[in-house]
Each structure stands twice: as structure tokens, then as C-alpha cells.
Amino acid sequence: MSTDFGQPPLASKNRERVEQHLKELATTSGVQETLTIEWRTKPLVVQVIDMPLESLYYNPGTHRIRAQRSYDPVQDRLLDEDPWNTESQEYLEHLLQAEPSNPAEKDKDFNELKESLKDFRQNEPGLITREGILVNGNTRAVALKQLGVAHIRVGVLPEYCTWADINAVELSLQLRHDTRRPYSYINRLLTIEEEVAAGRQISDVAREFRIRTATAEQDLWVLSCLQDLTERSKSEQVQLRLMDFEDAQEKLRELHRAYGKAVKTNRERAELLKENRLAAIVLEFSKTDVRLIESEFRSRYLEHRLPDSLKSGPAETAERRIPGMNRAVKAPAPEVAAARAFTDAVLRAKAIGRAASSVSVEQHQRAVTVFKDAKLAIEDALEPAGKDARVRKRKQAAPDRLYDACQDIEQCITDMALARASRSLDEESFDEAVLKLKGSLDKLAHASAQSIEVPGDGVAWLLDAVRPEAS
């Protein structure tokens, strides 16, 4: 559901100015600039006019900075209560030029946009309501202001424009391939969730974002997971924000794929894998390190390396009653509960560590110590886990190559049938290739005899097949 932010203070004056410009265009001969937008599922051509930047307002409902609004909770609340006052608009201006993962810093993409506008001016018009709310071009408006430009070219939406229309039009324009500065990862997830929550089919939303439906479903799973993490990180007045996970996109997607495979065979092991990997993601380990973490990572490598302060006590195994209902749910397995408790401890430590000004010095120091101890423990555990993974890879290398060779032979059979039908088989070359295969099988049998003490059926067949030739 779209939020109705009401009308800005200069709404009446802007409506008059827009009407005046549109009347002037109607009486002007020659080619006029227009902009085509998607309006209520159909194309609509709107007129483009010049508007003074000082009279326009940044859109408080823009999806571009949805996650970043939580950077300053006080300003975020003020933005909801009074989005049009100077302080709220200045906060939006700050976020529109900020780094998505760290709003304290300026985004390099914004600097590039600013340089482009400086050199080439405005290539494409923005879009406004008749009340002067920027529907598209918010970031460009910030850059043009900083460059000292007084006016911006904008298309004008119809008079009967609602906040639902504003959201829909912004989304359709921002998802075009030619957009200069696409939504950040978290803001894209929030936008997909908002569209689905509004009642749209996920397949339609995926099509609009130009992604597969399975990818949109994956994005919703990841967002649900991140929302759970932010809740679990809450400690007194501090907690992590969604934008704190802005740079974890690939790790979270790989987690979804790994969890999806594991849950098909064993849900408990899948939950263990999920919690183990989430802890590593919160601790900001690399993607290659996170891949080494499987469901047995804690029990095999991590448990005995954890300091006592990070080891959880015995978990409850009894059923839990659901308040208000005569039902009970099974408590998580002890291993899952322990892994979850570890992830929670890391989450709270990170939240407190990032909010030094909101907590006492002692709290901050304890949190920093917990975070550091947890990271060192996982670093130590990753070393043997990595060695075992490399050993498993070497063990599986030879069988994998044989399976690939079998697929090639199957394809060879198909190619022979086609060649026979067209009488195009090069028999001499084929005979030479078979002799090459025979030599390779001889070597393979010799290596198998040296490596395998008790041959199975397959190896026994191979040894029998080449033995007459070897004698």
C-alpha cells in the first residue's frame, strides 16, 4: 500500500506555474519535447517543461533510498511526520548522494553522474507531479543544484495523479535499461516485496524487474532472512539495519541455493548450514570462505575453538506451547539452537560495535571483544575446513572426469548414428581414436590396480577387460 504524504507547501504555486508553462507550449509552434511513460499499464506522452529547482520537492516515497532512511532514526521519523519541511528535504538530499552501504560517505556513482551533467548537461528530462514533487530525477536534481544550475527539464504527470501512480511510474522508469544509477540491492528487494504485498503476481513483478520468477522468489527469501537478522540484532536501543547487508548480495544468494538443496533431504541440517553461514556473513568473511561452511562446520571445526563466553549452554528440547492456542511446536534441535545463539551473539555485538555513541564505553568494548573473538574462532576453524574441502575435491576429481568421458562417449554414439545415415563417417580416423581409447583404458587399469586394494564390480570389469591384452 502506497503512503500518502499529502501536498507540499508550494503545491498551489507550482500548479499555477505548471499550467502557465503548458499553456505557453500549446500556443508555441515548432517541435516540442515530450516524454513517454507507462501510465496505468498504457503508454502516455507528457509534455516537458523547465521548472526552477528551488520550487521542487524530493519524493519522500522514492524507492531509491528506502533502506538508507534508517541511517538516522530521528530524521527517519521526522520524514514520516513532516516530509516537506526543510530538515526532511535536506535529509533526503543527503541520502540521494550517499553510498548505499554507508550513507556517511558520498557515492562514487553520484560523483560520476555529477561530472556527466557538468560536461553534457541534462540528456533526459525528469518527471514531476503538478504540485512539484519529483517522481523521477531526484538524484539529478541534487547534482544540478550542486553545479549551480537553476532549472531542470521535467515531464509533467496528469492532474489526477495519486501516490499509487507516483510509485508505479517511478518504478517503471527506474527499471528501464538506460537508467544511470540503478537501485541498490536492498532497495530493490524492498521494492519487490512492496509490489507483491500490494497484490501483484510475483511473475509480473519479476517481468518488470527483468528477472526470472525464481530470482524474485529468491530475493523475497533473502529479504525475509535479513529482516529476521535485524530483529535478532536488537539490543536495548541499537540494532543492525537492512543497509548493513548491502554488500552481501552474492553471499546471500549462494546461501539461498545451498539451503534450498539441503532442505530437500534434511531440514535440521539445512538450518544448521543456514545459521553457520549467516554468522560468517555477519562477520564479513569472503564469499570463498563462506562456501567452505557446511552443516557440520560447528561440530567438526568450530565448537572446540570457541571461547567459553561464546558457547551456549544446553538447549531446551521440550515442546513449546503457543500462547492462546491449544497447540505445541517442537523446540529447535540442540545443535540448531546453539548455532542460532552464536549468530545472535555476533549480531548483537556488531550492532553495539557500530553504535559507539549510543552505548557505554564498557558495552562497546565488550561487543568489540565478542566480535573479534568470534571472527578469530571462525578463521581458525576455516583452515582445517578448507583442507578437508580440498581433499574431498581431489577424491572426487577422478570419478568426475570419468563421468564426463561417459557423456562424451554417449554423444559419440549419437554422432555415429548420424554419420551412418549420411554415409559420412571417417572410418580410418575413428579407428585411430578407438586405439587411443584402448591405450587410455590400459593406463587407467594399471593406475586402478595400483591404487585400489579391493576392486569393486566396475574396477574388476576394467581389469578383466584389459588383462588379456596385457599378458
# chains A, B, ... in the order shown; residues from 1 in each chain; ligands from 1

call {"tool": "select_by_dssp", "arguments": {"residues": "segment 31-233 of chain A", "states": "helix (DSSP H, G or I)", "output": "number ranges by chain"}}
result
A: 53-55, 63-65, 68-71, 73-81, 86-96, 108-120, 138-146, 163-174, 185-197, 202-208, 213-232

call {"tool": "select_by_dssp", "arguments": {"residues": "segment 160-355 of chain A", "states": "strand (DSSP E or B)", "output": "PyMOL selection string"}}
result
chain A and resi 235+238+320-321+328-329

call {"tool": "write_last_selection", "arguments": {"atoms": "C-alpha atoms", "output": "PDB file, in the first residue's frame"}}
result
ATOM      1  CA  SER A 235      19.921  -4.893  21.959  1.00  0.00           C
ATOM      2  CA  VAL A 238      20.503  -0.351  18.982  1.00  0.00           C
ATOM      3  CA  ARG A 320       6.731 -25.082  23.409  1.00  0.00           C
ATOM      4  CA  ARG A 321       3.107 -24.038  23.862  1.00  0.00           C
ATOM      5  CA  ALA A 328       2.595 -27.018  20.795  1.00  0.00           C
ATOM      6  CA  VAL A 329       5.558 -26.775  18.459  1.00  0.00           C
TER       7      VAL A 329
END

call {"tool": "closest_residue", "arguments": {"among": "A:Val149, A:Val391, A:Met51, A:Cys412", "to": "Ile133 of chain A", "atoms": "only C-alpha atoms"}}
result
A:Met51

call {"tool": "residues_around", "arguments": {"residues": "segment 451-465 of chain A", "least_positions_apart": "5", "cutoff": "9 Å", "atoms": "only C-alpha atoms", "output": "PyMOL selection string"}}
result
chain A and resi 441-442+444-446

call {"tool": "residues_around", "arguments": {"residues": "Ala270 of chain A", "least_positions_apart": "2", "cutoff": "10 Å", "atoms": "only C-alpha atoms", "output": "ChimeraX atom specification"}}
result
/A:258-268,272-276,294-295,336

call {"tool": "residues_around", "arguments": {"residues": "Leu240 of chain A", "least_positions_apart": "4", "cutoff": "6 Å", "atoms": "only C-alpha atoms", "output": "number ranges by chain"}}
result
A: 230, 233, 351

call {"tool": "residues_around", "arguments": {"residues": "Ala248 of chain A", "least_positions_apart": "6", "cutoff": "9 Å", "atoms": "only C-alpha atoms", "output": "ChimeraX atom specification"}}
result
/A:281-282,284,287

call {"tool": "atom_distance", "arguments": {"atom1": "atom CA of Lys387 of chain A", "atom2": "atom CA of Ala447 of chain A"}}
result
24.9 Å

call {"tool": "residues_around", "arguments": {"residues": "segment 361-363 of chain A", "least_positions_apart": "3", "cutoff": "12 Å", "atoms": "only C-alpha atoms", "output": "ChimeraX atom specification"}}
result
/A:235-236,238,348-358,366-370

call {"tool": "closest_residue", "arguments": {"among": "A:Leu117, A:Ile293, A:Leu10, A:Leu171", "to": "Asn136 of chain A", "atoms": "only C-alpha atoms"}}
result
A:Leu171

call {"tool": "closest_residue", "arguments": {"among": "A:Leu226, A:Val31, A:Ala449, A:Ala385", "to": "Ser299 of chain A", "atoms": "only C-alpha atoms"}}
result
A:Ala385

call {"tool": "atom_distance", "arguments": {"atom1": "atom CA of Ala377 of chain A", "atom2": "atom CA of Pro307 of chain A"}}
result
8.0 Å

call {"tool": "closest_residue", "arguments": {"among": "A:Gln174, A:Ala143, A:Phe110, A:Thr34", "to": "Thr62 of chain A", "atoms": "only C-alpha atoms"}}
result
A:Gln174
